[in-house]
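Q: Sending over a structure as structure tokens; questions will come in a sec.
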Amino acid sequence: RNAQLFQELEIELQKKHRLFIHTTIALAAAIDAKDHYTHGHTARVTTLSLEIAQLLGQKNKKNFDEKFLENLHIASLLHDIGKIGIPESILNKDKPLNPEEEKRMHEHPVLGTNILQPIRELEPAISGVKYHHEKYDGSGYPEGLKGNSIPLLALIISVADAFDAMTTDRPYRKGLSKKEAIEEIRRGSGSQFDPQIASALIELYQENKA
């Protein structure tokens, strides 16, 4: 009887976990639906973030357990959730943003954090959402964190996010080729990006996995 109760509890936990993941995916789809020009961006950043983590783990540079990878999955799916609070006139503008619009766009990591904070189960993933626009040299936002003070989730998402953004066409500019974007990642290693994570992305590109 105890074994049966344990099995039923396990099944119930699995069902709740699937519901949690599917809700997260639905939230991510809401972002893509609002920002027309980055459709598919969230899925690509999520896939690339997990590939980077897998490669880092294989090289024993980082020790990732299953919980870390799940938090990375969730954080990368939701990294742009704060864009729900940014006017569509800014998100879908067909010209470069002016300084005031740029400032407003820079609010999206904190807006995303505020949206997600009431959901207790998301707490371990929120740092990836809040800090994915921080830069390794401390020149990013929202808090100007530097180096290893930036959470690892955010460091990984930052590289994947930048690579996809550079290779995506926007109304006011053509996307870079993957080769050109990789050169930008290489140039930004140690300044914008964590060197180990930038190196992992470059290796994935060389193996035709990015």
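Each chain in the structure tokens gets a letter, A, B, ..., in the order shown, and its residues are numbered from 1; ligands are numbered from 1 in order too.
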Please report as a tab-separated table every residue of segment 34-114 of chain A lying within 8 Å of segment 136-142 of chain A, along with the nearest atom pair and their distance in Å (one decimal), using only C-alpha atoms.

A:
```
residue	atom	partner	partner_atom	distance
A:His106	CA	A:Tyr141	CA	7.3
A:Glu107	CA	A:Pro142	CA	7.7
A:Pro109	CA	A:Pro142	CA	7.4
A:Val110	CA	A:Pro142	CA	7.3
```

Q: Neighbouring residues of Thr47 of chain A were defined as those with any atom within 10 Å, considering only C-alpha atoms; residues of the same chain fewer than 6 positions away were excluded. Please report them as an mmCIF file with all heavy atoms, in the first residue's frame.

A:
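out.cif was written with the following content:
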```cif
data_model
loop_
_atom_site.group_PDB
_atom_site.id
_atom_site.type_symbol
_atom_site.label_atom_id
_atom_site.label_comp_id
_atom_site.auth_asym_id
_atom_site.auth_seq_id
_atom_site.Cartn_x
_atom_site.Cartn_y
_atom_site.Cartn_z
ATOM 1 N N HIS A 73 16.777 26.225 -18.654
ATOM 2 C CA HIS A 73 15.711 26.044 -19.648
ATOM 3 C C HIS A 73 14.590 27.066 -19.417
ATOM 4 O O HIS A 73 14.159 27.772 -20.337
ATOM 5 C CB HIS A 73 15.171 24.608 -19.533
ATOM 6 C CG HIS A 73 14.204 24.229 -20.602
ATOM 7 N ND1 HIS A 73 13.498 23.042 -20.589
ATOM 8 C CD2 HIS A 73 13.794 24.877 -21.724
ATOM 9 C CE1 HIS A 73 12.713 22.986 -21.650
ATOM 10 N NE2 HIS A 73 12.870 24.097 -22.348
ATOM 11 N N SER A 76 15.813 30.840 -19.897
ATOM 12 C CA SER A 76 16.005 31.214 -21.299
ATOM 13 C C SER A 76 14.669 31.327 -22.029
ATOM 14 O O SER A 76 14.476 32.216 -22.864
ATOM 15 C CB SER A 76 16.961 30.244 -22.017
ATOM 16 O OG SER A 76 16.578 28.903 -21.824
ATOM 17 N N LEU A 77 13.715 30.464 -21.671
ATOM 18 C CA LEU A 77 12.370 30.584 -22.249
ATOM 19 C C LEU A 77 11.722 31.916 -21.881
ATOM 20 O O LEU A 77 11.007 32.521 -22.679
ATOM 21 C CB LEU A 77 11.469 29.449 -21.756
ATOM 22 C CG LEU A 77 11.549 28.105 -22.481
ATOM 23 C CD1 LEU A 77 10.739 27.053 -21.716
ATOM 24 C CD2 LEU A 77 11.046 28.204 -23.922
ATOM 25 N N ALA A 160 23.999 33.489 -25.877
ATOM 26 C CA ALA A 160 23.040 32.924 -26.835
ATOM 27 C C ALA A 160 22.105 34.007 -27.382
ATOM 28 O O ALA A 160 21.806 34.038 -28.583
ATOM 29 C CB ALA A 160 22.222 31.819 -26.152
ATOM 30 N N ALA A 210 25.696 25.538 -34.106
ATOM 31 C CA ALA A 210 25.136 26.864 -33.763
ATOM 32 C C ALA A 210 24.904 27.646 -35.044
ATOM 33 O O ALA A 210 25.511 27.378 -36.055
ATOM 34 C CB ALA A 210 26.089 27.614 -32.843
#
```

Q: List the neighbours of Glu207 of chain A out to 12 Å using only C-alpha atoms; skip same-chain residues closer than 5 positions along the sequence, and give me the result as a PyMOL selection string.

A: chain A and resi 51+55+200-202

Q: Ranking A:Asp164, A:Asp194, A:Asp169, A:Glu101 by minimum distance to Ala181 of chain A and counting only C-alpha atoms, which one comes first?

A: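 Looking at the shortest contact to Ala181 of chain A, the residue is A:Asp164.
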
Q: Counting only C-alpha atoms, what is within 12 Å of Arg173 of chain A, bar same-chain residues fewer than 2 positions away, as an mmCIF file with N, CA and C atoms, in the first residue's frame?

A:
```
data_model
loop_
_atom_site.group_PDB
_atom_site.id
_atom_site.type_symbol
_atom_site.label_atom_id
_atom_site.label_comp_id
_atom_site.auth_asym_id
_atom_site.auth_seq_id
_atom_site.Cartn_x
_atom_site.Cartn_y
_atom_site.Cartn_z
ATOM 1 N N TYR A 37 8.983 40.824 -34.875
ATOM 2 C CA TYR A 37 10.246 40.679 -35.592
ATOM 3 C C TYR A 37 11.214 39.709 -34.931
ATOM 4 N N LYS A 93 9.114 48.907 -33.884
ATOM 5 C CA LYS A 93 9.518 50.102 -34.622
ATOM 6 C C LYS A 93 10.405 49.708 -35.791
ATOM 7 N N ASP A 94 10.172 50.333 -36.954
ATOM 8 C CA ASP A 94 10.940 49.958 -38.150
ATOM 9 C C ASP A 94 12.158 50.851 -38.367
ATOM 10 N N LYS A 95 12.581 51.548 -37.296
ATOM 11 C CA LYS A 95 13.801 52.365 -37.322
ATOM 12 C C LYS A 95 14.544 52.125 -36.011
ATOM 13 N N PRO A 96 15.820 52.491 -35.947
ATOM 14 C CA PRO A 96 16.525 52.364 -34.667
ATOM 15 C C PRO A 96 15.837 53.180 -33.575
ATOM 16 N N ALA A 165 20.309 37.572 -31.732
ATOM 17 C CA ALA A 165 19.898 38.931 -32.095
ATOM 18 C C ALA A 165 20.709 39.444 -33.285
ATOM 19 N N MET A 166 22.007 39.151 -33.278
ATOM 20 C CA MET A 166 22.871 39.637 -34.365
ATOM 21 C C MET A 166 22.534 38.977 -35.703
ATOM 22 N N THR A 167 22.077 37.736 -35.662
ATOM 23 C CA THR A 167 21.832 37.003 -36.910
ATOM 24 C C THR A 167 20.374 37.097 -37.371
ATOM 25 N N THR A 168 19.553 37.861 -36.650
ATOM 26 C CA THR A 168 18.140 38.013 -36.999
ATOM 27 C C THR A 168 17.926 39.310 -37.780
ATOM 28 N N ASP A 169 17.188 39.238 -38.882
ATOM 29 C CA ASP A 169 16.841 40.444 -39.642
ATOM 30 C C ASP A 169 15.888 41.318 -38.835
ATOM 31 N N ARG A 170 16.117 42.623 -38.860
ATOM 32 C CA ARG A 170 15.196 43.593 -38.285
ATOM 33 C C ARG A 170 14.750 44.523 -39.417
ATOM 34 N N PRO A 171 13.651 45.259 -39.244
ATOM 35 C CA PRO A 171 13.168 46.123 -40.326
ATOM 36 C C PRO A 171 14.201 47.171 -40.758
ATOM 37 N N GLY A 175 20.312 41.073 -40.784
ATOM 38 C CA GLY A 175 21.070 40.301 -39.808
ATOM 39 C C GLY A 175 22.454 39.938 -40.329
ATOM 40 N N LEU A 176 23.394 39.775 -39.403
ATOM 41 C CA LEU A 176 24.735 39.336 -39.781
ATOM 42 C C LEU A 176 24.707 37.852 -40.155
#
```

Q: When you draw a straight line from atom CA of His108 of chain A to atom CA of Lys83 of chain A, how long is it in Å?

A: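 Computing it gives 5.4 Å between the two atoms.
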
Q: Can you pull out every residue within 8 Å of Leu155 of chain A, counting only C-alpha atoms, but drop anything in the same chain fewer than 5 positions away, and send it as a ChimeraX atom specification?

A: /A:128,132,134,150,193-194,197

Q: Quick one, how far is atom CA of Arg186 of chain A from atom CA of Gly147 of chain A?

A: 16.7 Å

Q: Applying 9 Å and only C-alpha atoms, which residues near Ser49 of chain A remain after dropping the ones on its own chain fewer than 5 positions away? List them as a list of chain:residue names.

A: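 Final neighbour list, sorted by chain and number: A:Arg44, A:Gln54, A:Leu72, A:His73, A:Ser76, A:Leu153, A:Ile156, A:Ile157, A:Ser158, A:Val159, A:Ala160, A:Asp161.
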
Q: Please produce an output containing N, CA and C atoms for each residue in the selection, written as a compact mmCIF listing (two decimals), in the first residue's frame.

A:
```txt
# COMPACT_ATOMS: atom_id res chain seq x y z
N ARG A 44 15.07 29.67 -30.13
CA ARG A 44 16.47 29.52 -30.56
C ARG A 44 17.44 29.82 -29.41
N GLN A 54 25.64 22.22 -22.05
CA GLN A 54 26.02 20.82 -22.25
C GLN A 54 27.50 20.71 -22.61
N LEU A 72 17.98 26.81 -16.22
CA LEU A 72 18.47 27.45 -17.44
C LEU A 72 17.41 27.38 -18.54
N HIS A 73 16.78 26.23 -18.65
CA HIS A 73 15.71 26.04 -19.65
C HIS A 73 14.59 27.07 -19.42
N SER A 76 15.81 30.84 -19.90
CA SER A 76 16.01 31.21 -21.30
C SER A 76 14.67 31.33 -22.03
N LEU A 153 23.51 31.54 -14.95
CA LEU A 153 22.36 31.44 -15.87
C LEU A 153 22.37 32.62 -16.85
N ILE A 156 25.25 32.68 -19.54
CA ILE A 156 25.01 31.77 -20.67
C ILE A 156 23.96 32.36 -21.61
N ILE A 157 22.83 32.82 -21.04
CA ILE A 157 21.76 33.37 -21.87
C ILE A 157 22.24 34.59 -22.63
N SER A 158 23.09 35.40 -22.01
CA SER A 158 23.61 36.62 -22.64
C SER A 158 24.30 36.32 -23.97
N VAL A 159 25.12 35.28 -23.99
CA VAL A 159 25.86 34.92 -25.21
C VAL A 159 24.89 34.39 -26.28
N ALA A 160 24.00 33.49 -25.88
CA ALA A 160 23.04 32.92 -26.83
C ALA A 160 22.10 34.01 -27.38
N ASP A 161 21.66 34.90 -26.50
CA ASP A 161 20.75 35.98 -26.88
C ASP A 161 21.41 36.93 -27.88
```

Q: Once DSSP has gone over the backbone, tell me which residues of segment 45-133 of chain A are in alpha helix (DSSP H), as a PyMOL selection string.

A: chain A and resi 45-58+66-77+88-91+99-105+108-116+123-130

Q: Could you name the residues that touch Glu121 of chain A at 12 Å or less, counting only C-alpha atoms, but leaving out those on the same chain fewer than 3 positions away, as number ranges by chain?

A: A: 16-17, 20-21, 23-24, 70-71, 74-75, 116-118, 124-126

Q: What does the file look like for those residues with N, CA and C atoms, as a PDB file, in the first residue's frame?

A:
```pdb
ATOM      1  N   LYS A  16       2.213  17.736 -12.295  1.00  0.00           N
ATOM      2  CA  LYS A  16       2.353  19.145 -11.914  1.00  0.00           C
ATOM      3  C   LYS A  16       3.581  19.760 -12.567  1.00  0.00           C
ATOM      4  N   HIS A  17       4.634  18.970 -12.660  1.00  0.00           N
ATOM      5  CA  HIS A  17       5.853  19.469 -13.282  1.00  0.00           C
ATOM      6  C   HIS A  17       5.622  19.728 -14.773  1.00  0.00           C
ATOM      7  N   PHE A  20       3.686  22.865 -15.148  1.00  0.00           N
ATOM      8  CA  PHE A  20       4.575  24.003 -14.897  1.00  0.00           C
ATOM      9  C   PHE A  20       5.400  24.338 -16.146  1.00  0.00           C
ATOM     10  N   ILE A  21       5.996  23.324 -16.757  1.00  0.00           N
ATOM     11  CA  ILE A  21       6.809  23.542 -17.956  1.00  0.00           C
ATOM     12  C   ILE A  21       5.949  24.042 -19.115  1.00  0.00           C
ATOM     13  N   THR A  23       3.154  25.702 -18.938  1.00  0.00           N
ATOM     14  CA  THR A  23       2.764  27.086 -18.647  1.00  0.00           C
ATOM     15  C   THR A  23       3.903  28.038 -18.991  1.00  0.00           C
ATOM     16  N   THR A  24       5.119  27.629 -18.665  1.00  0.00           N
ATOM     17  CA  THR A  24       6.295  28.440 -18.999  1.00  0.00           C
ATOM     18  C   THR A  24       6.413  28.617 -20.505  1.00  0.00           C
ATOM     19  N   GLU A  70      17.461  22.650 -15.690  1.00  0.00           N
ATOM     20  CA  GLU A  70      16.034  22.989 -15.762  1.00  0.00           C
ATOM     21  C   GLU A  70      15.830  24.493 -15.552  1.00  0.00           C
ATOM     22  N   ASN A  71      16.553  25.068 -14.593  1.00  0.00           N
ATOM     23  CA  ASN A  71      16.444  26.513 -14.362  1.00  0.00           C
ATOM     24  C   ASN A  71      16.937  27.310 -15.566  1.00  0.00           C
ATOM     25  N   ILE A  74      14.150  27.167 -18.169  1.00  0.00           N
ATOM     26  CA  ILE A  74      13.053  28.077 -17.836  1.00  0.00           C
ATOM     27  C   ILE A  74      13.472  29.538 -18.021  1.00  0.00           C
ATOM     28  N   ALA A  75      14.657  29.889 -17.519  1.00  0.00           N
ATOM     29  CA  ALA A  75      15.121  31.282 -17.606  1.00  0.00           C
ATOM     30  C   ALA A  75      15.295  31.725 -19.052  1.00  0.00           C
ATOM     31  N   LEU A 116       7.482  37.730 -12.701  1.00  0.00           N
ATOM     32  CA  LEU A 116       7.718  36.340 -12.304  1.00  0.00           C
ATOM     33  C   LEU A 116       7.871  36.130 -10.798  1.00  0.00           C
ATOM     34  N   GLN A 117       8.243  37.188 -10.060  1.00  0.00           N
ATOM     35  CA  GLN A 117       8.551  37.024  -8.636  1.00  0.00           C
ATOM     36  C   GLN A 117       7.433  36.390  -7.807  1.00  0.00           C
ATOM     37  N   PRO A 118       6.157  36.685  -8.085  1.00  0.00           N
ATOM     38  CA  PRO A 118       5.115  36.053  -7.265  1.00  0.00           C
ATOM     39  C   PRO A 118       5.018  34.528  -7.443  1.00  0.00           C
ATOM     40  N   PRO A 124      14.366  30.210  -8.569  1.00  0.00           N
ATOM     41  CA  PRO A 124      15.755  29.895  -8.941  1.00  0.00           C
ATOM     42  C   PRO A 124      16.127  30.344 -10.359  1.00  0.00           C
ATOM     43  N   ALA A 125      15.133  30.533 -11.229  1.00  0.00           N
ATOM     44  CA  ALA A 125      15.414  30.901 -12.626  1.00  0.00           C
ATOM     45  C   ALA A 125      15.409  32.410 -12.854  1.00  0.00           C
ATOM     46  N   ILE A 126      14.893  33.167 -11.896  1.00  0.00           N
ATOM     47  CA  ILE A 126      14.668  34.600 -12.129  1.00  0.00           C
ATOM     48  C   ILE A 126      15.965  35.369 -12.365  1.00  0.00           C
TER      49      ILE A 126
END
```

Q: Pick the closest to Ala154 of chain A from A:Ser127, A:Ala3, A:Asn92, A:Lys179: which is it, counting only C-alpha atoms?

A: A:Ser127
